[in-house]
Structures are given as C-alpha cells and as structure tokens.
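> Data file structure_2.cif (mmCIF, C-alpha atoms) is appended below.
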data_data
#
loop_
_atom_site.group_PDB
_atom_site.id
_atom_site.type_symbol
_atom_site.label_atom_id
_atom_site.label_comp_id
_atom_site.auth_asym_id
_atom_site.auth_seq_id
_atom_site.Cartn_x
_atom_site.Cartn_y
_atom_site.Cartn_z
ATOM 1 C CA MET A 1 156.074 64.465 -24.991
ATOM 2 C CA GLY A 2 159.271 62.665 -24.049
ATOM 3 C CA GLY A 3 162.496 62.679 -25.988
ATOM 4 C CA VAL A 4 164.171 59.815 -27.762
ATOM 5 C CA SER A 5 164.688 56.826 -25.460
ATOM 6 C CA ASP A 6 168.061 55.304 -24.621
ATOM 7 C CA GLU A 7 167.024 52.142 -26.428
ATOM 8 C CA GLU A 8 166.202 54.033 -29.609
ATOM 9 C CA LEU A 9 169.493 55.939 -29.459
ATOM 10 C CA SER A 10 171.495 52.755 -28.949
ATOM 11 C CA ARG A 11 169.697 51.028 -31.802
ATOM 12 C CA GLU A 12 170.424 53.947 -34.125
ATOM 13 C CA PHE A 13 174.076 53.912 -33.018
ATOM 14 C CA LEU A 14 174.438 50.183 -33.641
ATOM 15 C CA ALA A 15 172.576 50.278 -36.954
ATOM 16 C CA ALA A 16 175.328 52.501 -38.375
ATOM 17 C CA MET A 17 178.022 49.889 -37.657
ATOM 18 C CA ARG A 18 179.330 47.427 -40.199
ATOM 19 C CA VAL A 19 181.268 44.200 -39.794
ATOM 20 C CA GLY A 20 184.950 45.010 -40.234
ATOM 21 C CA ASP A 21 184.719 48.509 -38.738
ATOM 22 C CA LEU A 22 187.508 49.425 -36.324
ATOM 23 C CA ARG A 23 186.058 50.809 -33.089
ATOM 24 C CA GLU A 24 187.628 52.241 -29.972
ATOM 25 C CA GLY A 25 186.297 52.460 -26.448
ATOM 26 C CA THR A 26 186.924 52.086 -22.738
ATOM 27 C CA VAL A 27 186.753 48.815 -20.790
ATOM 28 C CA ALA A 28 183.758 49.038 -18.453
ATOM 29 C CA GLU A 29 183.738 45.523 -16.960
ATOM 30 C CA VAL A 30 185.846 42.373 -17.068
ATOM 31 C CA THR A 31 184.262 38.971 -16.367
ATOM 32 C CA ARG A 32 184.953 35.359 -17.283
ATOM 33 C CA HIS A 33 182.450 35.755 -20.111
ATOM 34 C CA GLY A 34 184.345 38.608 -21.750
ATOM 35 C CA VAL A 35 185.080 42.314 -21.679
ATOM 36 C CA ALA A 36 182.283 44.903 -21.810
ATOM 37 C CA VAL A 37 183.302 48.067 -23.657
ATOM 38 C CA THR A 38 181.791 51.546 -23.619
ATOM 39 C CA LEU A 39 182.241 52.592 -27.216
ATOM 40 C CA ASP A 40 183.239 56.079 -28.293
ATOM 41 C CA GLY A 41 180.126 57.916 -29.429
ATOM 42 C CA PHE A 42 177.742 56.258 -26.974
ATOM 43 C CA ALA A 43 178.597 56.820 -23.321
ATOM 44 C CA ALA A 44 175.270 55.807 -21.743
ATOM 45 C CA ARG A 45 176.204 52.140 -21.283
ATOM 46 C CA PRO A 46 178.630 49.527 -22.658
ATOM 47 C CA LEU A 47 177.394 48.116 -25.963
ATOM 48 C CA GLY A 48 180.565 46.364 -27.089
ATOM 49 C CA LEU A 49 181.628 42.879 -26.001
ATOM 50 C CA VAL A 50 184.926 41.124 -26.609
ATOM 51 C CA GLY A 51 183.963 37.458 -26.212
ATOM 52 C CA SER A 52 185.650 34.795 -24.133
ATOM 53 C CA LEU A 53 186.971 32.908 -27.184
ATOM 54 C CA ASP A 54 188.865 35.969 -28.358
ATOM 55 C CA LEU A 55 190.289 36.402 -24.863
ATOM 56 C CA SER A 56 191.263 32.735 -24.502
ATOM 57 C CA TRP A 57 194.457 33.501 -26.413
ATOM 58 C CA ALA A 58 195.816 35.118 -23.267
ATOM 59 C CA GLY A 59 194.357 32.580 -20.851
ATOM 60 C CA SER A 60 191.882 34.912 -19.111
ATOM 61 C CA ALA A 61 190.063 38.196 -19.601
ATOM 62 C CA ARG A 62 191.929 39.853 -16.738
ATOM 63 C CA ALA A 63 195.229 39.037 -18.418
ATOM 64 C CA VAL A 64 194.417 41.258 -21.411
ATOM 65 C CA ALA A 65 192.148 44.029 -20.147
ATOM 66 C CA ARG A 66 191.574 46.245 -17.104
ATOM 67 C CA VAL A 67 188.633 48.463 -16.245
ATOM 68 C CA GLY A 68 189.322 51.966 -17.537
ATOM 69 C CA GLU A 69 191.773 50.777 -20.203
ATOM 70 C CA ARG A 70 191.396 52.085 -23.757
ATOM 71 C CA ILE A 71 191.150 49.381 -26.437
ATOM 72 C CA ALA A 72 190.586 49.117 -30.188
ATOM 73 C CA ALA A 73 188.837 46.171 -31.833
ATOM 74 C CA ARG A 74 187.135 45.096 -35.052
ATOM 75 C CA VAL A 75 183.375 44.670 -35.313
ATOM 76 C CA ILE A 76 182.566 41.023 -36.087
ATOM 77 C CA GLY A 77 178.818 41.091 -35.442
ATOM 78 C CA VAL A 78 175.961 43.463 -34.629
ATOM 79 C CA ASP A 79 172.865 42.298 -32.721
ATOM 80 C CA LEU A 80 170.218 45.018 -32.840
ATOM 81 C CA ASP A 81 167.654 42.989 -30.893
ATOM 82 C CA ARG A 82 169.987 42.436 -27.939
ATOM 83 C CA GLY A 83 171.600 45.868 -28.246
ATOM 84 C CA ARG A 84 175.133 44.541 -28.559
ATOM 85 C CA VAL A 85 178.096 44.666 -30.896
ATOM 86 C CA TRP A 86 180.588 41.795 -30.908
ATOM 87 C CA LEU A 87 184.227 42.813 -31.079
ATOM 88 C CA ALA A 88 187.501 40.996 -31.812
ATOM 89 C CA ARG A 89 190.920 42.189 -30.673
ATOM 90 C CA THR A 90 192.634 39.694 -32.956
ATOM 91 C CA ALA A 91 192.513 42.274 -35.730
ATOM 92 C CA THR A 92 194.355 44.967 -33.790
ATOM 93 C CA GLU A 93 196.781 42.631 -32.017
ATOM 94 C CA ASN A 94 197.666 40.618 -35.153
ATOM 95 C CA PRO A 95 197.073 42.936 -38.125
ATOM 96 C CA GLU A 96 199.189 40.864 -40.539
ATOM 97 C CA LEU A 97 197.186 37.714 -39.809
ATOM 98 C CA TRP A 98 193.872 39.573 -40.047
ATOM 99 C CA ALA A 99 194.829 41.155 -43.383
ATOM 100 C CA PHE A 100 195.836 37.765 -44.810
ATOM 101 C CA LEU A 101 192.604 36.061 -43.749
ATOM 102 C CA ASP A 102 190.490 38.994 -44.902
ATOM 103 C CA SER A 103 192.036 38.721 -48.387
ATOM 104 C CA LEU A 104 190.864 35.121 -48.876
ATOM 105 C CA ARG A 105 187.768 34.292 -50.878
ATOM 106 C CA THR A 106 185.420 31.303 -50.789
ATOM 107 C CA ASP A 107 186.773 28.283 -52.700
ATOM 108 C CA ASP A 108 190.363 29.601 -52.769
ATOM 109 C CA LEU A 109 192.732 26.610 -52.631
ATOM 110 C CA LEU A 110 195.230 26.653 -49.753
ATOM 111 C CA SER A 111 198.008 24.133 -49.171
ATOM 112 C CA GLY A 112 199.880 23.181 -46.029
ATOM 113 C CA ARG A 113 200.633 20.349 -43.644
ATOM 114 C CA ILE A 114 198.556 18.800 -40.888
ATOM 115 C CA ALA A 115 199.935 20.392 -37.705
ATOM 116 C CA SER A 116 197.647 18.872 -35.075
ATOM 117 C CA ILE A 117 194.635 16.565 -34.787
ATOM 118 C CA GLU A 118 192.130 17.527 -32.081
ATOM 119 C CA ARG A 119 188.755 16.126 -31.025
ATOM 120 C CA PHE A 120 186.944 19.032 -32.757
ATOM 121 C CA GLY A 121 188.984 19.177 -35.963
ATOM 122 C CA VAL A 122 192.372 19.335 -37.639
ATOM 123 C CA PHE A 123 194.759 22.309 -37.645
ATOM 124 C CA VAL A 124 196.653 23.046 -40.869
ATOM 125 C CA ALA A 125 199.887 25.052 -40.967
ATOM 126 C CA LEU A 126 199.473 26.946 -44.239
ATOM 127 C CA ASP A 127 202.302 27.488 -46.716
ATOM 128 C CA GLU A 128 201.172 31.087 -47.239
ATOM 129 C CA GLY A 129 200.562 33.862 -44.767
ATOM 130 C CA PRO A 130 201.747 34.371 -41.187
ATOM 131 C CA SER A 131 201.609 31.719 -38.479
ATOM 132 C CA HIS A 132 198.975 31.799 -35.752
ATOM 133 C CA PRO A 133 200.089 33.341 -32.432
ATOM 134 C CA VAL A 134 198.422 30.598 -30.380
ATOM 135 C CA PHE A 135 197.082 27.697 -32.461
ATOM 136 C CA PRO A 136 199.243 25.062 -34.235
ATOM 137 C CA GLY A 137 198.009 26.317 -37.594
ATOM 138 C CA VAL A 138 196.000 29.135 -39.151
ATOM 139 C CA GLY A 139 193.736 26.683 -40.996
ATOM 140 C CA LEU A 140 191.109 24.521 -39.306
ATOM 141 C CA ILE A 141 189.207 21.631 -40.893
ATOM 142 C CA THR A 142 186.198 20.667 -38.777
ATOM 143 C CA LEU A 143 185.375 16.953 -38.677
ATOM 144 C CA PRO A 144 182.423 17.081 -41.136
ATOM 145 C CA GLU A 145 184.662 18.808 -43.713
ATOM 146 C CA LEU A 146 187.352 16.116 -43.641
ATOM 147 C CA SER A 147 185.719 13.504 -45.853
ATOM 148 C CA TRP A 148 182.518 12.626 -47.695
ATOM 149 C CA ARG A 149 182.606 9.115 -46.283
ATOM 150 C CA HIS A 150 181.740 8.026 -42.753
ATOM 151 C CA PHE A 151 184.735 7.671 -40.419
ATOM 152 C CA GLU A 152 185.247 6.979 -36.738
ATOM 153 C CA ALA A 153 188.218 9.280 -36.066
ATOM 154 C CA ALA A 154 190.089 12.045 -37.890
ATOM 155 C CA THR A 155 193.160 9.798 -37.947
ATOM 156 C CA ASP A 156 191.229 7.522 -40.330
ATOM 157 C CA VAL A 157 191.447 10.332 -42.900
ATOM 158 C CA VAL A 158 194.665 12.294 -42.252
ATOM 159 C CA ARG A 159 197.834 12.094 -40.175
ATOM 160 C CA VAL A 160 200.090 14.702 -38.582
ATOM 161 C CA GLY A 161 202.710 15.940 -41.045
ATOM 162 C CA GLU A 162 200.681 14.989 -44.126
ATOM 163 C CA ARG A 163 200.436 17.616 -46.855
ATOM 164 C CA VAL A 164 196.938 18.632 -47.953
ATOM 165 C CA THR A 165 195.238 21.098 -50.283
ATOM 166 C CA CYS A 166 191.919 22.451 -49.024
ATOM 167 C CA ALA A 167 189.191 24.841 -50.128
ATOM 168 C CA PHE A 168 188.687 28.021 -48.086
ATOM 169 C CA LEU A 169 185.184 28.260 -46.598
ATOM 170 C CA ASP A 170 185.176 31.351 -44.407
ATOM 171 C CA PHE A 171 187.115 33.600 -42.049
ATOM 172 C CA ASP A 172 186.555 32.795 -38.361
ATOM 173 C CA THR A 173 186.980 36.332 -37.046
ATOM 174 C CA THR A 174 186.730 35.298 -33.396
ATOM 175 C CA ASN A 175 189.587 32.812 -33.442
ATOM 176 C CA GLY A 176 191.559 34.406 -36.257
ATOM 177 C CA GLU A 177 191.623 31.275 -38.386
ATOM 178 C CA ALA A 178 190.682 30.050 -41.848
ATOM 179 C CA ARG A 179 187.907 27.452 -41.924
ATOM 180 C CA LEU A 180 188.846 24.894 -44.559
ATOM 181 C CA SER A 181 187.321 21.900 -46.324
ATOM 182 C CA LEU A 182 189.313 18.887 -47.467
ATOM 183 C CA ARG A 183 186.300 17.025 -48.833
ATOM 184 C CA ALA A 184 185.387 19.954 -51.117
ATOM 185 C CA THR A 185 188.511 19.234 -53.169
ATOM 186 C CA ARG A 186 187.418 15.660 -53.860
ATOM 187 C CA PRO A 187 184.495 14.193 -55.837
ATOM 188 C CA ASP A 188 181.333 13.603 -53.850
ATOM 189 C CA PRO A 189 180.661 9.855 -54.104
ATOM 190 C CA PHE A 190 176.995 10.366 -53.329
ATOM 191 C CA GLN A 191 176.436 12.592 -56.359
ATOM 192 C CA THR A 192 178.356 10.104 -58.520
ATOM 193 C CA PHE A 193 176.099 7.329 -57.220
ATOM 194 C CA ALA A 194 172.966 9.449 -57.813
ATOM 195 C CA ASP A 195 173.992 10.033 -61.436
ATOM 196 C CA SER A 196 173.698 6.319 -62.194
ATOM 197 C CA ALA A 197 170.951 5.166 -59.786
ATOM 198 C CA SER A 198 167.168 5.442 -59.987
ATOM 199 C CA VAL A 199 164.244 4.817 -57.672
ATOM 200 C CA GLY A 200 163.272 1.168 -57.979
ATOM 201 C CA ASP A 201 166.782 -0.131 -58.640
ATOM 202 C CA VAL A 202 167.614 -3.380 -56.846
ATOM 203 C CA LEU A 203 171.122 -3.378 -55.327
ATOM 204 C CA ARG A 204 173.308 -5.600 -53.211
ATOM 205 C CA GLY A 205 174.795 -4.024 -50.097
ATOM 206 C CA ARG A 206 176.530 -4.728 -46.796
ATOM 207 C CA VAL A 207 174.961 -3.788 -43.456
ATOM 208 C CA THR A 208 177.303 -1.317 -41.704
ATOM 209 C CA ARG A 209 175.312 0.021 -38.744
ATOM 210 C CA LEU A 210 172.201 -0.824 -36.730
ATOM 211 C CA VAL A 211 170.506 2.182 -35.118
ATOM 212 C CA PRO A 212 167.170 2.589 -33.276
ATOM 213 C CA PHE A 213 165.512 4.112 -36.343
ATOM 214 C CA GLY A 214 166.795 1.676 -38.944
ATOM 215 C CA VAL A 215 169.712 0.052 -40.722
ATOM 216 C CA PHE A 216 172.547 1.602 -42.738
ATOM 217 C CA VAL A 217 173.655 -0.325 -45.807
ATOM 218 C CA HIS A 218 176.788 0.323 -47.853
ATOM 219 C CA VAL A 219 175.909 0.109 -51.527
ATOM 220 C CA GLY A 220 179.300 1.000 -53.018
ATOM 221 C CA ASP A 221 181.460 4.031 -53.839
ATOM 222 C CA ASP A 222 181.502 5.207 -50.201
ATOM 223 C CA THR A 223 177.713 5.607 -50.287
ATOM 224 C CA GLU A 224 175.384 4.420 -47.542
ATOM 225 C CA GLY A 225 171.612 4.206 -47.601
ATOM 226 C CA LEU A 226 169.112 3.931 -44.764
ATOM 227 C CA ILE A 227 166.368 1.350 -44.381
ATOM 228 C CA VAL A 228 163.977 3.171 -42.067
ATOM 229 C CA ARG A 229 162.509 1.185 -39.189
ATOM 230 C CA ARG A 230 158.721 1.261 -39.392
ATOM 231 C CA ASN A 231 156.180 0.577 -36.673
ATOM 232 C CA GLY A 232 155.402 -3.095 -36.628
ATOM 233 C CA THR A 233 158.449 -4.119 -38.640
ATOM 234 C CA GLY A 234 161.685 -5.766 -37.719
ATOM 235 C CA ALA A 235 165.014 -4.014 -37.241
ATOM 236 C CA SER A 236 165.692 -4.300 -40.939
ATOM 237 C CA GLY A 237 162.713 -2.228 -41.939
ATOM 238 C CA GLY A 238 161.376 -5.192 -43.879
ATOM 239 C CA ALA A 239 158.663 -7.666 -43.053
ATOM 240 C CA PRO A 240 157.892 -8.472 -39.389
ATOM 241 C CA GLY A 241 160.331 -10.998 -38.014
ATOM 242 C CA GLU A 242 163.133 -10.141 -40.443
ATOM 243 C CA SER A 243 166.466 -9.235 -38.858
ATOM 244 C CA VAL A 244 169.980 -8.467 -39.997
ATOM 245 C CA ARG A 245 173.404 -8.133 -38.442
ATOM 246 C CA VAL A 246 176.361 -5.904 -39.200
ATOM 247 C CA GLY A 247 178.299 -7.454 -42.071
ATOM 248 C CA ASP A 248 175.308 -9.187 -43.678
ATOM 249 C CA GLU A 249 175.022 -8.930 -47.471
ATOM 250 C CA ILE A 250 171.430 -8.135 -48.418
ATOM 251 C CA ALA A 251 169.352 -7.077 -51.420
ATOM 252 C CA VAL A 252 167.786 -3.626 -51.195
ATOM 253 C CA VAL A 253 165.528 -1.437 -53.318
ATOM 254 C CA VAL A 254 166.161 2.293 -53.837
ATOM 255 C CA THR A 255 163.078 4.191 -52.643
ATOM 256 C CA GLU A 256 164.337 7.810 -52.541
ATOM 257 C CA ILE A 257 167.434 9.781 -53.609
ATOM 258 C CA ASP A 258 167.752 13.222 -51.976
ATOM 259 C CA ARG A 259 170.647 14.981 -53.717
ATOM 260 C CA GLU A 260 170.369 18.231 -51.755
ATOM 261 C CA ARG A 261 170.588 16.606 -48.318
ATOM 262 C CA ARG A 262 172.730 13.696 -49.588
ATOM 263 C CA ARG A 263 170.350 11.059 -48.294
ATOM 264 C CA LEU A 264 169.574 7.673 -49.787
ATOM 265 C CA PHE A 265 166.588 5.672 -48.587
ATOM 266 C CA LEU A 266 166.240 1.958 -49.164
ATOM 267 C CA SER A 267 163.807 -0.873 -48.577
ATOM 268 C CA ARG A 268 164.104 -4.637 -48.455
ATOM 269 C CA ARG A 269 161.032 -4.978 -50.594
ATOM 270 C CA PRO A 270 159.604 -3.033 -53.569
ATOM 271 C CA ALA A 271 157.196 -0.212 -52.802
ATOM 272 C CA SER A 272 153.528 -1.145 -53.142
ATOM 273 C CA PRO A 273 151.926 0.117 -56.373
ATOM 274 C CA PRO A 274 149.438 2.988 -55.948
ATOM 275 C CA PRO A 275 145.767 1.932 -55.805
ATOM 276 C CA ASP A 276 143.678 2.226 -58.969
#
Please rewrite the model in this file as structure tokens.

Amino acid sequence: MGGVSDEELSREFLAAMRVGDLREGTVAEVTRHGVAVTLDGFAARPLGLVGSLDLSWAGSARAVARVGERIAARVIGVDLDRGRVWLARTATENPELWAFLDSLRTDDLLSGRIASIERFGVFVALDEGPSHPVFPGVGLITLPELSWRHFEAATDVVRVGERVTCAFLDFDTTNGEARLSLRATRPDPFQTFADSASVGDVLRGRVTRLVPFGVFVHVGDDTEGLIVRRNGTGASGGAPGESVRVGDEIAVVVTEIDRERRRLFLSRRPASPPPD
C-alpha cells in the first residue's frame, strides 16, 4: 500500500489557505507570466504564483524578483483543481493602501475627481485614503459602470477633473484598486420605464441603431427597446418589405419587459392572439 500522494498532500495544504492570508516563500522561477513561489510548509514544488498584472507595477517580473529570493504576499485566490494559489505583493509592498481598500464595504459612497480616462475605464483620485503608487487614481470605473444609458465614449459621460461620487463595488486585489460604479448612484431609467409600461402598450419611438439581429428604438427616458429581426421579415422586424432608417419615428408595441436583464422587446405590430 502506497503512502499519500504528492497531489493529495498539495490539495490538503491548499485547502487550509484562506483569501487574505499572508504567506511567505522562496522564488523558484521568474517568467513573463509571473513568479512561481515555493511556499513555506510545502517544499515539493512551487504552488504559489504572483501574476503578471501584479508585477506590471515594476515593468517586468525580473525587476521585482530573483530566483532564491524570499518574498511575502497575500493570498488572493486558491484553485484546488489546478493546484495553485494566487498571490499579490501589493499587500506587503503597500500596506497602507491594502488596509484602506480592505476596510471598504459594498455600496460605500466614495468621492473624488476624474484623474484619467482610458479605453478600458476611468480612474478616480479618491478624497480619502492613500494615493496609488502607479495608477492615476485608486478608484476605477469600468465602462459599463459609467452610465445606464448607451454612450459611444467615456468622454460622453465624464471629463478629466470632474468631481464624482461613486458606489464601491469590490476590492481588486491584483491591481490594488477600488472598483467603483457611477451609475449605481443614479436612478435606473429602465426600471422607471418598467414601472409605468405594460405588455401591449403602443408607443412612439425613434430608431437609434440598425444591427443584423434587429432594430433599436429609443422610447424615452434613456430607454431603448429591440425589435428582433425574424426569418422572412424585413430589417424592422415587421411585415416583409418594411424597412426603417436611423432617425425614423415609428409606432411600436411592447411585447416583453425583462427587469432582471434590463431588456425591452418591441414589435411593429400587435402580437397575434392565442388560438382557441
């Protein structure tokens, strides 16, 4: 009868870890993908990994770690199936920032100014807490969290230097930043629309977008509905031969209101009554 396998031992070792734990170990390998760490308590093989995003603060992995070096890092994720624990050095290198972010709770309101607008989101320099050692601001609003309404660019919603108050969503432990939502502090126009609308209502709306699967129509209060393109129908989703262009004012019928997914479906004609 054989003893306990290496895989079983590693799984037991990892199962005892919790997110937020401070762990120490020795750098076993440095690559462009990150730093592999042999953790204290399990010498058989490196189970810890400091990811490339965490290391990007210094420009490259080799700029922050060398094989044989002792490091300390926080646990930010445990993957039992892959036999790996994800580590972040942001906690040990910037303890004041980590402590501030770790103290925040979902829906806390944070104020600051727009520090930078990037293609992936907007950085916010917060009034409270320490500054970020690398990024323009500790707070980050991703594009979907900027506004309830459709927009083409972040500059349609905010501008650099503008003051904003946002809701805290979560702590990005890899980048050492606060994920924020600007739209969460403002009424959702879709839910307001849904409170007063019903299936079967006839509305007037303006065509805003033509897409392969249908037509988007603005029906007021920053709410758009979709006329789904059906097989054998025109681009408008109505009768064969019908067509519309962006900017057209048309009459539509509400066919479905999905509050959970914030989706409104429309038709250019009333739904057929069910057969007897």
> Quick one: distance from atom CA of A:Leu14 to atom CA of A:Thr92 in Å, one decimal?
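Calculated distance between atom CA of A:Leu14 and atom CA of A:Thr92 is 20.6 Å.
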> Using the chain letters and numbering of this document, enumerate as a JSON list (two decimals) with C-alpha atoms, keeping the file's coordinate frame the residues selected by the PyMOL selection byres ((chain A and resi 245-254) around 10).

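That gives us expr.json:
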[["chain", "number", "residue", "atom", "x", "y", "z"],
["A", 197, "ALA", "CA", 170.95, 5.17, -59.79],
["A", 198, "SER", "CA", 167.17, 5.44, -59.99],
["A", 199, "VAL", "CA", 164.24, 4.82, -57.67],
["A", 200, "GLY", "CA", 163.27, 1.17, -57.98],
["A", 201, "ASP", "CA", 166.78, -0.13, -58.64],
["A", 202, "VAL", "CA", 167.61, -3.38, -56.85],
["A", 203, "LEU", "CA", 171.12, -3.38, -55.33],
["A", 204, "ARG", "CA", 173.31, -5.60, -53.21],
["A", 205, "GLY", "CA", 174.80, -4.02, -50.10],
["A", 206, "ARG", "CA", 176.53, -4.73, -46.80],
["A", 207, "VAL", "CA", 174.96, -3.79, -43.46],
["A", 208, "THR", "CA", 177.30, -1.32, -41.70],
["A", 209, "ARG", "CA", 175.31, 0.02, -38.74],
["A", 210, "LEU", "CA", 172.20, -0.82, -36.73],
["A", 215, "VAL", "CA", 169.71, 0.05, -40.72],
["A", 216, "PHE", "CA", 172.55, 1.60, -42.74],
["A", 217, "VAL", "CA", 173.66, -0.32, -45.81],
["A", 218, "HIS", "CA", 176.79, 0.32, -47.85],
["A", 219, "VAL", "CA", 175.91, 0.11, -51.53],
["A", 225, "GLY", "CA", 171.61, 4.21, -47.60],
["A", 226, "LEU", "CA", 169.11, 3.93, -44.76],
["A", 227, "ILE", "CA", 166.37, 1.35, -44.38],
["A", 235, "ALA", "CA", 165.01, -4.01, -37.24],
["A", 236, "SER", "CA", 165.69, -4.30, -40.94],
["A", 238, "GLY", "CA", 161.38, -5.19, -43.88],
["A", 243, "SER", "CA", 166.47, -9.24, -38.86],
["A", 244, "VAL", "CA", 169.98, -8.47, -40.00],
["A", 255, "THR", "CA", 163.08, 4.19, -52.64],
["A", 256, "GLU", "CA", 164.34, 7.81, -52.54],
["A", 257, "ILE", "CA", 167.43, 9.78, -53.61],
["A", 264, "LEU", "CA", 169.57, 7.67, -49.79],
["A", 265, "PHE", "CA", 166.59, 5.67, -48.59],
["A", 266, "LEU", "CA", 166.24, 1.96, -49.16],
["A", 267, "SER", "CA", 163.81, -0.87, -48.58],
["A", 268, "ARG", "CA", 164.10, -4.64, -48.46],
["A", 269, "ARG", "CA", 161.03, -4.98, -50.59],
["A", 270, "PRO", "CA", 159.60, -3.03, -53.57],
["A", 271, "ALA", "CA", 157.20, -0.21, -52.80]]
> Go through A:Ala153, A:Val158, A:Ile117, A:Ala91 and flag the residue nearest A:Glu177, using all atoms listed in the file for the distances.
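Among the listed residues, the smallest separation from A:Glu177 belongs to A:Ala91.
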> Can you tell me how far atom CA of A:Trp86 sits from atom CA of A:Phe123, in Å to one decimal?
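It comes out at 25.0 Å.
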> Do you know which residues the PyMOL selection byres ((chain A and resi 113) around 9) returns on this file, as a ChimeraX atom specification?
/A:111-112,114-115,123-127,137,160-165
> Include C-alpha atoms and write out the residues we just selected as a compact mmCIF listing (two decimals), keeping the file's coordinate frame.

# COMPACT_ATOMS: atom_id res chain seq x y z
CA SER A 111 198.01 24.13 -49.17
CA GLY A 112 199.88 23.18 -46.03
CA ILE A 114 198.56 18.80 -40.89
CA ALA A 115 199.94 20.39 -37.70
CA PHE A 123 194.76 22.31 -37.65
CA VAL A 124 196.65 23.05 -40.87
CA ALA A 125 199.89 25.05 -40.97
CA LEU A 126 199.47 26.95 -44.24
CA ASP A 127 202.30 27.49 -46.72
CA GLY A 137 198.01 26.32 -37.59
CA VAL A 160 200.09 14.70 -38.58
CA GLY A 161 202.71 15.94 -41.04
CA GLU A 162 200.68 14.99 -44.13
CA ARG A 163 200.44 17.62 -46.86
CA VAL A 164 196.94 18.63 -47.95
CA THR A 165 195.24 21.10 -50.28
> I need the residue set behind the PyMOL selection byres ((chain A and resi 40) around 9) for this file; please write it as a list in words.
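Applied to this file, the PyMOL selection byres ((chain A and resi 40) around 9) returns Arg23, Glu24, Gly25, Thr26, Thr38, Leu39, Gly41, Phe42 and Ala43 of chain A.
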> Find the spatial neighbours of A:Arg11, counting only C-alpha atoms, within a cut-off of 12 Å - ignore same-chain residues fewer than 2 positions away - and output them as a list in words.
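Near neighbours after the sequence-gap exclusion: Val4, Ser5, Asp6, Glu7, Glu8, Leu9, Phe13, Leu14, Ala15, Ala16, Met17, Phe42, Leu47, Val78, Asp79, Leu80, Asp81, Arg82, Gly83, Arg84 and Val85 of chain A.
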> Between A:Pro136, A:Gly48, A:Ile141, A:Arg18, which residue has the minimum interatomic distance to A:Asp172, considering only C-alpha atoms?
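Counting only C-alpha atoms, the residue closest to A:Asp172 is A:Ile141.
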> Separation of atom CA of A:Phe151 and atom CA of A:Gly220, in Å?
15.3 Å
> Please return the centre and edge lengths, in Å to one decimal, of a box with edges along x, y and z that contains all listed atoms of stretch 81-92 of chain A, widened by 6 Å on every side, as AutoDock Vina command-line options.

--center_x 181.0 --center_y 42.8 --center_z -31.8 --size_x 38.7 --size_y 18.2 --size_z 19.8
> Pick out the residues sitting within 7 Å of A:Phe190, and hand them over as a PDB file with C-alpha atoms, in the coordinates of the input; count only C-alpha atoms, and ignore anything fewer than 2 positions along from it in its own chain.

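selection03.pdb written:
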ATOM      1  CA  ASP A 188     181.333  13.603 -53.850  1.00  0.00           C
ATOM      2  CA  THR A 192     178.356  10.104 -58.520  1.00  0.00           C
ATOM      3  CA  PHE A 193     176.099   7.329 -57.220  1.00  0.00           C
ATOM      4  CA  ALA A 194     172.966   9.449 -57.813  1.00  0.00           C
ATOM      5  CA  THR A 223     177.713   5.607 -50.287  1.00  0.00           C
ATOM      6  CA  ARG A 262     172.730  13.696 -49.588  1.00  0.00           C
TER       7      ARG A 262
END
> With only C-alpha atoms as the atoms that count, which of A:Val138, A:Arg149, A:Cys166, A:Arg159 lies nearest to A:Pro189?
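The answer is A:Arg149, which sits nearest to A:Pro189.
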> Between A:Arg261, A:Leu143, A:Ser181, A:Ile71, which has the minimum distance to A:Glu93 (counting all atoms listed in the file)?
A:Ile71
> Go through A:Val30, A:Ala184, A:Leu97, A:Leu110 and flag the residue nearest A:Gly68, using only C-alpha atoms for the distances.
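With only C-alpha atoms as the atom set, the closest residue is A:Val30.
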> Which is closer to A:Trp148 than all the others in A:Arg89, A:Arg179, A:Arg32, A:Arg186, using only C-alpha atoms?
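Closest candidate: A:Arg186.
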> For stretch 121-133 of chain A in the structure I just supplied, write out N, CA and C atoms - as an mmCIF file, in the first residue's frame.

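So selection_2.cif came out as:
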data_model
loop_
_atom_site.group_PDB
_atom_site.id
_atom_site.type_symbol
_atom_site.label_atom_id
_atom_site.label_comp_id
_atom_site.auth_asym_id
_atom_site.auth_seq_id
_atom_site.Cartn_x
_atom_site.Cartn_y
_atom_site.Cartn_z
ATOM 1 N N GLY A 121 -11.640 52.188 -19.034
ATOM 2 C CA GLY A 121 -12.362 52.737 -17.899
ATOM 3 C C GLY A 121 -11.831 54.093 -17.480
ATOM 4 N N VAL A 122 -12.268 54.520 -16.314
ATOM 5 C CA VAL A 122 -11.947 55.869 -15.817
ATOM 6 C C VAL A 122 -11.331 55.754 -14.420
ATOM 7 N N PHE A 123 -10.154 56.344 -14.234
ATOM 8 C CA PHE A 123 -9.509 56.359 -12.925
ATOM 9 C C PHE A 123 -10.024 57.547 -12.115
ATOM 10 N N VAL A 124 -10.255 57.286 -10.810
ATOM 11 C CA VAL A 124 -10.735 58.319 -9.896
ATOM 12 C C VAL A 124 -9.731 58.483 -8.766
ATOM 13 N N ALA A 125 -9.240 59.704 -8.573
ATOM 14 C CA ALA A 125 -8.385 60.022 -7.433
ATOM 15 C C ALA A 125 -9.300 60.302 -6.243
ATOM 16 N N LEU A 126 -9.311 59.401 -5.270
ATOM 17 C CA LEU A 126 -10.248 59.493 -4.159
ATOM 18 C C LEU A 126 -9.820 60.555 -3.149
ATOM 19 N N ASP A 127 -10.819 61.166 -2.504
ATOM 20 C CA ASP A 127 -10.542 62.153 -1.464
ATOM 21 C C ASP A 127 -9.945 61.481 -0.229
ATOM 22 N N GLU A 128 -10.371 60.250 0.039
ATOM 23 C CA GLU A 128 -9.910 59.525 1.218
ATOM 24 C C GLU A 128 -8.863 58.488 0.827
ATOM 25 N N GLY A 129 -8.076 58.107 1.818
ATOM 26 C CA GLY A 129 -7.108 57.041 1.622
ATOM 27 C C GLY A 129 -5.845 57.499 0.907
ATOM 28 N N PRO A 130 -4.862 56.592 0.818
ATOM 29 C CA PRO A 130 -3.591 56.930 0.171
ATOM 30 C C PRO A 130 -3.728 56.946 -1.347
ATOM 31 N N SER A 131 -2.768 57.530 -2.021
ATOM 32 C CA SER A 131 -2.754 57.515 -3.481
ATOM 33 C C SER A 131 -2.203 56.173 -3.963
ATOM 34 N N HIS A 132 -2.408 55.896 -5.232
ATOM 35 C CA HIS A 132 -1.904 54.644 -5.809
ATOM 36 C C HIS A 132 -0.452 54.850 -6.233
ATOM 37 N N PRO A 133 0.413 53.848 -6.007
ATOM 38 C CA PRO A 133 1.830 54.016 -6.353
ATOM 39 C C PRO A 133 2.113 54.053 -7.848
#
